$ cat coords.txt   # compact mmCIF, C-alpha atoms
# COMPACT_ATOMS: atom_id res chain seq x y z
CA MET N 1 0.00 0.00 0.00
CA ASP N 2 1.20 3.50 -0.79
CA TRP N 3 1.28 5.23 2.61
CA SER N 4 1.90 8.66 1.12
CA LEU N 5 -1.56 8.65 -0.44
CA ALA N 6 -3.15 7.71 2.89
CA LEU N 7 -1.12 10.44 4.65
CA LEU N 8 -2.20 12.99 2.03
CA ALA N 9 -5.85 12.05 2.56
CA LEU N 10 -5.49 12.25 6.34
CA GLY N 11 -3.70 15.59 6.03
CA ALA N 12 -6.49 16.99 3.87
CA LEU N 13 -9.12 15.72 6.32
CA LEU N 14 -7.28 17.29 9.27
CA ALA N 15 -6.99 20.58 7.38
CA LEU N 16 -10.76 20.63 6.73
CA VAL N 17 -11.56 19.78 10.36
CA GLY N 18 -9.08 22.45 11.45
CA LEU N 19 -10.77 25.09 9.29
CA ALA N 20 -14.12 24.18 10.81
CA GLY N 21 -12.58 24.25 14.28
CA VAL N 22 -11.45 27.83 13.81
CA VAL N 23 -15.07 28.99 13.91
CA LEU N 24 -16.61 26.20 16.00
CA PRO N 25 -15.93 26.61 19.71
CA GLY N 26 -14.40 23.69 21.52
CA LEU N 27 -12.18 22.47 18.68
CA PRO N 28 -8.56 23.62 18.57
CA GLY N 29 -8.88 24.60 14.91
CA ALA N 30 -5.52 26.18 14.16
CA PRO N 31 -3.41 23.36 15.66
CA ILE N 32 -5.50 20.76 13.80
CA LEU N 33 -5.10 22.76 10.58
CA PHE N 34 -1.35 22.99 11.19
CA ALA N 35 -1.18 19.23 11.83
CA GLY N 36 -2.99 18.56 8.55
CA LEU N 37 -0.68 20.84 6.58
CA PHE N 38 2.41 19.39 8.25
CA LEU N 39 1.23 15.84 7.54
CA THR N 40 0.64 16.74 3.90
CA ALA N 41 4.14 18.19 3.59
CA TRP N 42 5.60 15.12 5.30
CA ALA N 43 3.69 12.76 2.99
CA GLU N 44 5.49 14.42 0.08
CA GLY N 45 8.85 14.18 1.82
CA PHE N 46 8.94 17.97 2.29
CA ALA N 47 9.74 18.20 -1.43
CA HIS N 48 7.34 21.10 -2.05
CA VAL N 49 6.81 22.70 1.35
CA GLY N 50 9.95 23.38 3.35
CA GLY N 51 10.97 24.18 6.89
CA ALA N 52 10.68 27.95 6.55
CA THR N 53 7.06 27.71 5.48
CA LEU N 54 6.28 25.23 8.26
CA ALA N 55 7.90 27.57 10.80
CA ALA N 56 5.79 30.45 9.48
CA LEU N 57 2.69 28.27 9.75
CA ALA N 58 3.58 27.44 13.35
CA VAL N 59 3.87 31.16 14.15
CA LEU N 60 0.50 31.84 12.52
CA THR N 61 -0.97 28.99 14.59
CA ALA N 62 0.30 30.60 17.80
CA LEU N 63 -1.04 33.98 16.68
CA THR N 64 -4.58 32.58 16.50
CA TYR N 65 -4.55 32.11 20.27
CA ALA N 66 -3.14 35.58 20.88
CA ALA N 67 -5.76 37.10 18.57
CA ASP N 68 -8.55 35.28 20.36
CA PHE N 69 -7.62 36.43 23.87
CA LEU N 70 -6.60 39.96 22.86
CA ALA N 71 -9.77 40.60 20.87
CA THR N 72 -11.96 39.58 23.79
CA ALA N 73 -10.05 41.73 26.26
CA LEU N 74 -9.88 44.73 23.91
CA GLY N 75 -13.58 44.43 23.11
CA ALA N 76 -14.34 44.73 26.81
CA LYS N 77 -11.96 47.68 27.15
CA ARG N 78 -13.56 49.47 24.18
CA PHE N 79 -16.91 49.41 25.97
CA GLY N 80 -15.47 51.18 29.00
CA ALA N 81 -14.55 48.16 31.05
CA SER N 82 -12.16 48.54 33.95
CA ARG N 83 -8.88 46.65 34.17
CA ARG N 84 -10.60 44.10 36.39
CA ALA N 85 -13.25 43.46 33.74
CA VAL N 86 -10.62 43.07 31.02
CA VAL N 87 -8.73 40.54 33.15
CA GLY N 88 -12.05 38.88 34.01
CA ALA N 89 -12.95 38.58 30.32
CA ALA N 90 -9.58 37.00 29.53
CA LEU N 91 -9.86 34.60 32.47
CA GLY N 92 -13.48 33.83 31.62
CA GLY N 93 -12.46 33.01 28.06
CA LEU N 94 -9.66 30.78 29.26
CA GLY N 95 -11.84 29.05 31.86
CA GLY N 96 -14.65 28.70 29.35
CA LEU N 97 -12.46 26.48 27.20
CA PHE N 98 -12.85 23.75 29.80
CA LEU N 99 -16.65 24.02 29.88
CA GLY N 100 -17.38 23.31 26.24
CA LEU N 101 -19.53 25.39 23.93
CA PRO N 102 -21.50 27.28 26.63
CA GLY N 103 -18.29 28.13 28.46
CA VAL N 104 -16.59 29.42 25.33
CA LEU N 105 -19.59 31.54 24.40
CA PHE N 106 -20.46 32.91 27.84
CA GLY N 107 -17.13 32.70 29.70
CA PRO N 108 -15.80 36.09 28.54
CA PHE N 109 -19.15 37.76 29.24
CA VAL N 110 -19.43 36.30 32.73
CA GLY N 111 -15.76 37.02 33.47
CA ALA N 112 -16.08 40.66 32.42
CA VAL N 113 -19.29 41.14 34.42
CA LEU N 114 -17.78 39.56 37.53
CA GLY N 115 -14.60 41.58 37.14
CA GLU N 116 -16.60 44.78 36.84
CA LEU N 117 -18.80 43.92 39.81
CA SER N 118 -15.75 43.08 41.92
CA GLY N 119 -14.61 46.68 41.42
CA ARG N 120 -17.90 47.82 42.95
CA ARG N 121 -19.24 49.18 39.68
CA GLY N 122 -22.91 49.06 38.81
CA LEU N 123 -24.79 46.39 36.93
CA ARG N 124 -25.12 48.67 33.90
CA GLU N 125 -21.34 49.11 33.56
CA ALA N 126 -20.85 45.40 34.17
CA GLY N 127 -23.34 44.55 31.41
CA ARG N 128 -21.57 46.92 28.97
CA ALA N 129 -18.25 45.28 29.79
CA GLY N 130 -19.78 41.85 29.19
CA LEU N 131 -21.24 42.98 25.86
CA GLY N 132 -17.84 44.35 24.83
CA ALA N 133 -16.20 41.06 25.73
CA THR N 134 -18.74 39.15 23.66
CA LEU N 135 -18.24 41.42 20.65
CA GLY N 136 -14.50 41.03 21.13
CA LEU N 137 -14.99 37.27 21.03
CA ALA N 138 -16.70 37.62 17.66
CA LEU N 139 -13.82 39.76 16.39
CA GLY N 140 -11.42 37.13 17.68
CA VAL N 141 -13.17 34.45 15.63
CA ALA N 142 -12.89 36.68 12.55
CA ALA N 143 -9.17 37.21 13.22
CA LYS N 144 -8.63 33.47 13.70
CA LEU N 145 -10.42 32.76 10.45
CA ALA N 146 -8.25 35.29 8.62
CA LEU N 147 -5.10 33.74 10.09
CA ALA N 148 -6.28 30.22 9.17
CA CYS N 149 -6.96 31.31 5.60
CA SER N 150 -3.50 32.89 5.53
CA MET N 151 -2.02 29.59 6.70
CA LEU N 152 -3.81 27.71 3.96
CA GLY N 153 -2.85 30.30 1.34
CA LEU N 154 0.81 30.27 2.37
CA PHE N 155 0.88 26.49 2.26
CA LEU N 156 -0.72 26.38 -1.20
CA LEU N 157 1.60 29.08 -2.55
CA ASP N 158 4.64 27.18 -1.33
CA ARG N 159 3.26 23.87 -2.58
CA PHE N 160 2.23 24.95 -6.05
CA VAL N 161 4.11 28.16 -6.86
CA TRP N 162 7.35 28.61 -4.93
CA GLY N 163 8.36 25.06 -4.00
CA ALA N 164 10.64 24.13 -1.11
CA GLY N 165 13.78 25.44 -2.76

$ encode --input "coords.txt" --output "structure tokens"
Amino acid sequence: MDWSLALLALGALLALVGLAGVVLPGLPGAPILFAGLFLTAWAEGFAHVGGATLAALAVLTALTYAADFLATALGAKRFGASRRAVVGAALGGLGGLFLGLPGVLFGPFVGAVLGELSGRRGLREAGRAGLGATLGLALGVAAKLALACSMLGLFLLDRFVWGAG
């Protein structure tokens, strides 16, 4: 059996699941996408996609996490949240990862609201901070999707246009 064909198919499947995971909460989309692209390059013996491109893809993968957390925190800040609410939104987003879909969706909101309330601010300010965190979460998903598309585009350019040399 030709294992390279099976590895190519698995790599393509992982890349598709990774792209879906970028927008679906609970799936680590960018790392799965990276794994699929790496596996595809490996299946071809790194003849078309080289180490520099794979390193760039790894950096883009890491940036998806930074974009996610920063967008949530900055969204809260943009709506007048205090430092406590911004930290609460970031911690709520991080903690929400362990609680599945509801945690990912509501974690930043709850974290921002609790952070704001812990600073003895009113419910109105806390709600605005939570709304900002939620909008930031949506911006984070958009940023992750843009980074994932950049990963795919870079891989395809190196595979079909530039080559590993």

$ closest_residue --input "coords.txt" --among "N:Leu5, N:Leu74, N:Leu16, N:Leu97" --to "Gly130 in chain N" --atoms "only C-alpha atoms"
N:Leu74

$ closest_residue --input "coords.txt" --among "N:Val104, N:Leu94, N:Ala148, N:Val110" --to "Val17 in chain N" --atoms "only C-alpha atoms"
N:Ala148

$ atom_distance --input "coords.txt" --atom1 "CA of Val22 in chain N" --atom2 "CA of Ala73 in chain N"
18.7 Å

$ atom_distance --input "coords.txt" --atom1 "CA of Leu39 in chain N" --atom2 "CA of Thr53 in chain N"
13.4 Å

$ residues_around --input "coords.txt" --residues "Trp42 in chain N" --least-positions-apart "6" --cutoff "9 Å" --atoms "only C-alpha atoms" --output "list of chain:residue names"
N:Ser4, N:Leu7, N:Leu8, N:Val49

$ closest_residue --input "coords.txt" --among "N:Phe79, N:Phe46, N:Phe38, N:Tyr65" --to "Leu145 in chain N" --atoms "all atoms listed in the file"
N:Tyr65

$ closest_residue --input "coords.txt" --among "N:Ala35, N:Leu63, N:Leu13, N:Val113" --to "Ser82 in chain N" --atoms "all atoms listed in the file"
N:Val113

$ closest_residue --input "coords.txt" --among "N:Gly122, N:Pro28, N:Gly36, N:Gly127" --to "Met151 in chain N" --atoms "only C-alpha atoms"
N:Gly36

$ closest_residue --input "coords.txt" --among "N:Gly163, N:Gly132, N:Gly11, N:Pro108" --to "Phe34 in chain N" --atoms "only C-alpha atoms"
N:Gly11

$ atom_distance --input "coords.txt" --atom1 "CA of His48 in chain N" --atom2 "CA of Ala12 in chain N"
15.6 Å

$ axis_aligned_box --input "coords.txt" --around "range 134-143 of chain N" --padding-each-side "5 Å" --output "AutoDock Vina command-line options"
--center_x -14.0 --center_y 37.9 --center_z 18.1 --size_x 19.6 --size_y 17.0 --size_z 21.1

$ residues_around --input "coords.txt" --residues "Gly111 in chain N" --least-positions-apart "3" --cutoff "8 Å" --atoms "only C-alpha atoms" --output "mmCIF file with C-alpha atoms, in the coordinates of the input"
data_model
loop_
_atom_site.group_PDB
_atom_site.id
_atom_site.type_symbol
_atom_site.label_atom_id
_atom_site.label_comp_id
_atom_site.auth_asym_id
_atom_site.auth_seq_id
_atom_site.Cartn_x
_atom_site.Cartn_y
_atom_site.Cartn_z
ATOM 1 C CA ALA N 85 -13.250 43.460 33.740
ATOM 2 C CA VAL N 87 -8.730 40.540 33.150
ATOM 3 C CA GLY N 88 -12.050 38.880 34.010
ATOM 4 C CA ALA N 89 -12.950 38.580 30.320
ATOM 5 C CA ALA N 90 -9.580 37.000 29.530
ATOM 6 C CA LEU N 91 -9.860 34.600 32.470
ATOM 7 C CA GLY N 92 -13.480 33.830 31.620
ATOM 8 C CA GLY N 93 -12.460 33.010 28.060
ATOM 9 C CA GLY N 107 -17.130 32.700 29.700
ATOM 10 C CA PRO N 108 -15.800 36.090 28.540
ATOM 11 C CA LEU N 114 -17.780 39.560 37.530
ATOM 12 C CA GLY N 115 -14.600 41.580 37.140
ATOM 13 C CA GLY N 130 -19.780 41.850 29.190
#

$ residues_around --input "coords.txt" --residues "Arg78 in chain N" --least-positions-apart "6" --cutoff "10 Å" --atoms "all atoms listed in the file" --output "ChimeraX atom specification"
/N:86,128-129,132-133,135-136

$ residues_around --input "coords.txt" --residues "Ala30 in chain N" --least-positions-apart "5" --cutoff "8 Å" --atoms "all atoms listed in the file" --output "ChimeraX atom specification"
/N:18-19,21-22,61,64,144,148
